[in-house]
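This is run-v9.cif. It holds mmCIF, C-alpha atoms.
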data_upload
#
loop_
_atom_site.label_atom_id
_atom_site.label_comp_id
_atom_site.auth_asym_id
_atom_site.auth_seq_id
_atom_site.Cartn_x
_atom_site.Cartn_y
_atom_site.Cartn_z
CA MET A 1 95.74 97.20 116.37
CA VAL A 2 93.52 95.01 118.49
CA TRP A 3 95.92 92.66 120.27
CA GLU A 4 99.35 93.51 121.59
CA PHE A 5 101.62 90.98 123.25
CA PHE A 6 104.76 92.22 124.97
CA ALA A 7 107.29 91.49 127.70
CA ARG A 8 108.70 93.90 130.27
CA THR A 9 111.21 93.55 133.07
CA GLU A 10 109.32 96.09 135.23
CA ILE A 11 105.86 97.59 135.02
CA ALA A 12 107.18 101.07 134.14
CA ALA A 13 109.93 99.85 131.79
CA PRO A 14 109.52 99.99 128.01
CA PRO A 15 108.58 96.67 126.43
CA LEU A 16 111.49 94.40 125.60
CA TRP A 17 109.53 93.28 122.53
CA ASN A 18 106.07 93.67 121.00
CA ALA A 19 103.82 91.70 118.69
CA TYR A 20 100.78 93.46 117.21
CA PHE A 21 97.72 91.95 115.53
CA THR A 22 94.82 93.67 113.79
CA ALA A 23 91.19 92.70 114.32
CA ARG A 24 90.83 90.10 111.59
CA VAL A 25 93.98 88.06 112.22
CA PRO A 26 92.69 84.49 112.51
CA HIS A 27 92.82 83.71 116.20
CA GLU A 28 94.63 80.42 115.51
CA LEU A 29 97.65 82.44 114.37
CA ALA A 30 97.89 84.59 117.48
CA THR A 31 96.65 82.42 120.32
CA ALA A 32 98.00 78.92 119.77
CA PRO A 33 98.50 77.00 123.02
CA ASN A 34 102.07 75.95 123.82
CA VAL A 35 103.28 78.45 121.26
CA THR A 36 106.92 77.33 121.28
CA SER A 37 106.44 73.57 121.48
CA GLY A 38 107.72 71.83 118.39
CA ILE A 39 109.83 74.78 117.23
CA GLU A 40 113.36 73.68 116.51
CA PRO A 41 115.99 75.92 118.12
CA GLY A 42 118.12 77.77 115.57
CA ARG A 43 115.52 77.75 112.78
CA THR A 44 114.76 81.14 111.35
CA PRO A 45 111.13 82.28 111.48
CA LEU A 46 110.91 82.24 107.67
CA GLU A 47 111.89 78.57 107.29
CA PRO A 48 108.33 77.27 107.81
CA LEU A 49 107.32 79.34 104.76
CA VAL A 50 110.13 77.83 102.69
CA ASP A 51 109.12 74.33 103.87
CA ALA A 52 105.52 75.06 102.79
CA HIS A 53 106.73 76.11 99.30
CA TRP A 54 105.95 79.78 99.63
CA SER A 55 107.58 81.83 96.85
CA THR A 56 110.38 84.24 97.62
CA ASP A 57 110.22 87.73 96.20
CA PRO A 58 112.89 88.03 93.46
CA THR A 59 113.58 91.63 94.51
CA ASP A 60 113.97 90.69 98.19
CA ALA A 61 115.05 87.03 98.04
CA GLY A 62 115.15 85.32 101.41
CA ASN A 63 113.38 88.16 103.21
CA THR A 64 109.91 88.29 101.63
CA TYR A 65 107.68 85.30 100.95
CA TYR A 66 104.28 84.90 99.27
CA ALA A 67 101.73 82.18 99.98
CA PRO A 68 101.10 79.77 97.08
CA LYS A 69 97.90 81.58 96.03
CA LEU A 70 99.34 85.03 96.85
CA GLN A 71 96.75 85.65 99.56
CA ALA A 72 99.36 86.27 102.30
CA TRP A 73 102.84 87.76 102.57
CA VAL A 74 105.53 87.79 105.23
CA THR A 75 108.56 90.04 105.12
CA TYR A 76 111.62 90.59 107.28
CA GLY A 77 112.84 94.15 107.06
CA ALA A 78 112.27 97.71 108.13
CA VAL A 79 109.25 98.22 110.36
CA SER A 80 107.38 101.37 111.27
CA GLY A 81 108.73 103.43 114.15
CA ALA A 82 105.47 102.57 115.93
CA ILE A 83 106.63 98.92 116.10
CA GLU A 84 109.17 99.66 118.80
CA ASP A 85 110.72 97.74 121.61
CA GLY A 86 113.37 98.19 124.29
CA ASN A 87 116.31 97.52 121.98
CA PRO A 88 118.54 100.62 121.99
CA ILE A 89 119.81 100.03 118.43
CA PRO A 90 117.66 102.06 116.00
CA GLY A 91 116.53 100.76 112.61
CA LEU A 92 116.69 97.04 113.34
CA PRO A 93 114.46 94.89 111.10
CA GLY A 94 111.33 93.14 112.30
CA TYR A 95 108.66 90.94 110.74
CA LEU A 96 105.46 92.02 109.02
CA ALA A 97 102.71 89.70 107.79
CA TRP A 98 99.45 90.46 106.05
CA ALA A 99 96.65 88.92 104.03
CA GLN A 100 94.91 90.42 101.04
CA THR A 101 92.55 88.58 98.70
CA ASP A 102 92.90 91.08 95.87
CA ASP A 103 95.48 93.75 95.01
CA HIS A 104 92.72 96.35 94.84
CA LEU A 105 91.23 95.60 98.26
CA PRO A 106 92.46 96.65 101.70
CA HIS A 107 94.44 94.16 103.74
CA GLN A 108 92.21 91.66 105.54
CA TRP A 109 94.59 91.60 108.50
CA CYS A 110 98.13 92.52 109.48
CA ALA A 111 100.59 91.36 112.13
CA ALA A 112 103.87 92.99 113.15
CA PHE A 113 106.71 91.81 115.34
CA SER A 114 109.24 94.24 116.79
CA PRO A 115 112.95 93.57 116.19
CA SER A 116 113.51 91.92 119.58
CA THR A 117 110.49 89.59 119.51
CA PRO A 118 111.79 86.09 120.32
CA GLN A 119 112.43 84.22 117.10
CA GLU A 120 110.56 81.17 118.43
CA LEU A 121 107.36 83.22 118.75
CA VAL A 122 107.65 84.56 115.20
CA ALA A 123 108.42 81.01 113.98
CA ALA A 124 105.31 79.70 115.77
CA PHE A 125 103.27 82.34 113.93
CA THR A 126 104.77 81.54 110.50
CA THR A 127 104.38 77.81 111.15
CA ALA A 128 100.67 78.29 111.88
CA LEU A 129 100.30 80.62 108.89
CA ALA A 130 101.93 78.16 106.49
CA ASP A 131 99.97 75.13 107.75
CA PRO A 132 97.62 74.01 104.93
CA THR A 133 95.39 72.01 107.28
CA PRO A 134 91.80 73.29 107.09
CA VAL A 135 90.62 75.12 110.19
CA SER A 136 87.28 74.15 111.63
CA ARG A 137 85.08 77.18 112.26
CA SER A 138 81.63 77.69 113.69
CA ILE A 139 81.50 81.32 112.49
CA LEU A 140 82.61 82.06 108.93
CA PRO A 141 84.85 85.05 108.18
CA GLN A 142 83.39 87.97 106.25
CA ASP A 143 84.35 88.10 102.56
CA PRO A 144 86.85 85.24 102.36
CA GLY A 145 87.56 86.20 98.74
CA GLY A 146 87.18 82.69 97.35
CA HIS A 147 89.60 81.20 99.87
CA LEU A 148 87.03 79.23 101.82
CA ALA A 149 86.03 75.60 101.46
CA ILE A 150 82.99 74.33 103.29
CA ARG A 151 83.01 70.69 104.31
CA ARG A 152 80.45 68.81 106.27
CA SER A 153 81.84 67.36 109.50
CA ARG A 154 80.74 64.00 110.81
#
Whole structure given in structure tokens:
Amino acid sequence: MVWEFFARTEIAAPPLWNAYFTARVPHELATAPNVTSGIEPGRTPLEPLVDAHWSTDPTDAGNTYYAPKLQAWVTYGAVSGAIEDGNPIPGLPGYLAWAQTDDHLPHQWCAAFSPSTPQELVAAFTTALADPTPVSRSILPQDPGGHLAIRRSR
């Protein structure tokens, strides 16, 4: 874990919710300005993936989605005990997301959201993840696994 976002009611209180990001999560996914603007109230965090034509997992329909080229996954379900928050109910599901360019390679990055993370924040993340708009970069990621297009800007 490299980044952790959380909310507390008091400095010594346990976090009400947590969101964790590993080192290689594209910063656009974790640091978007006005993170909840444009998110429709009542939409589930997985709806942006459905809207972007991500495929649902036939063994976990409606809870696990794959990007069109299978380079990213998002699932709603059991999370590690390390992904905890201040909710007193044990075993609640959370959200996990990861990218992997090849089944035989380690994950490029992972993100996890504890069960009580506000749905609007998770939806902002999945909206950014599902957005097919190319991202302008001045520094290229290491080993993009064939998922990089270079265009000359004017």
Q: Would you kindly translate the PyMOL selection byres ((chain A and resi 82-96) around 9) into the concrete residues it picks from this file, as a count of residues only?
A: 30
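Residues selected in this file by the PyMOL selection byres ((chain A and resi 128) around 9) comprise Glu28, Leu29, Ala30, Ala32, Pro48, Ala123, Ala124, Phe125, Thr126, Thr127, Leu129, Ala130, Asp131 and Pro132 of chain A.
In terms of minimum interatomic distance to Gln108 (chain A), A:Ala72 ranks closest within A:Ala72, A:Thr44, A:Ser55, A:Phe5, counting only C-alpha atoms.
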Q | Residue among A:Gln71, A:Asp51, A:Thr9, A:Asn63 lying closest to Trp109 (chain A), counting only C-alpha atoms | A |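 Among A:Gln71, A:Asp51, A:Thr9, A:Asn63, it is A:Gln71 that comes nearest to Trp109 (chain A).
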Q | Coordinates-based distance that separates CA of Thr22 (chain A) from CA of Glu4 (chain A) (Å, one decimal) | A | 9.0 Å
Q: Can you work out the spacing between CA of Pro26 (chain A) and CA of Trp54 (chain A) in Å, to one decimal?
A: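 Computed distance, CA of Pro26 (chain A) to CA of Trp54 (chain A), equals 19.1 Å.
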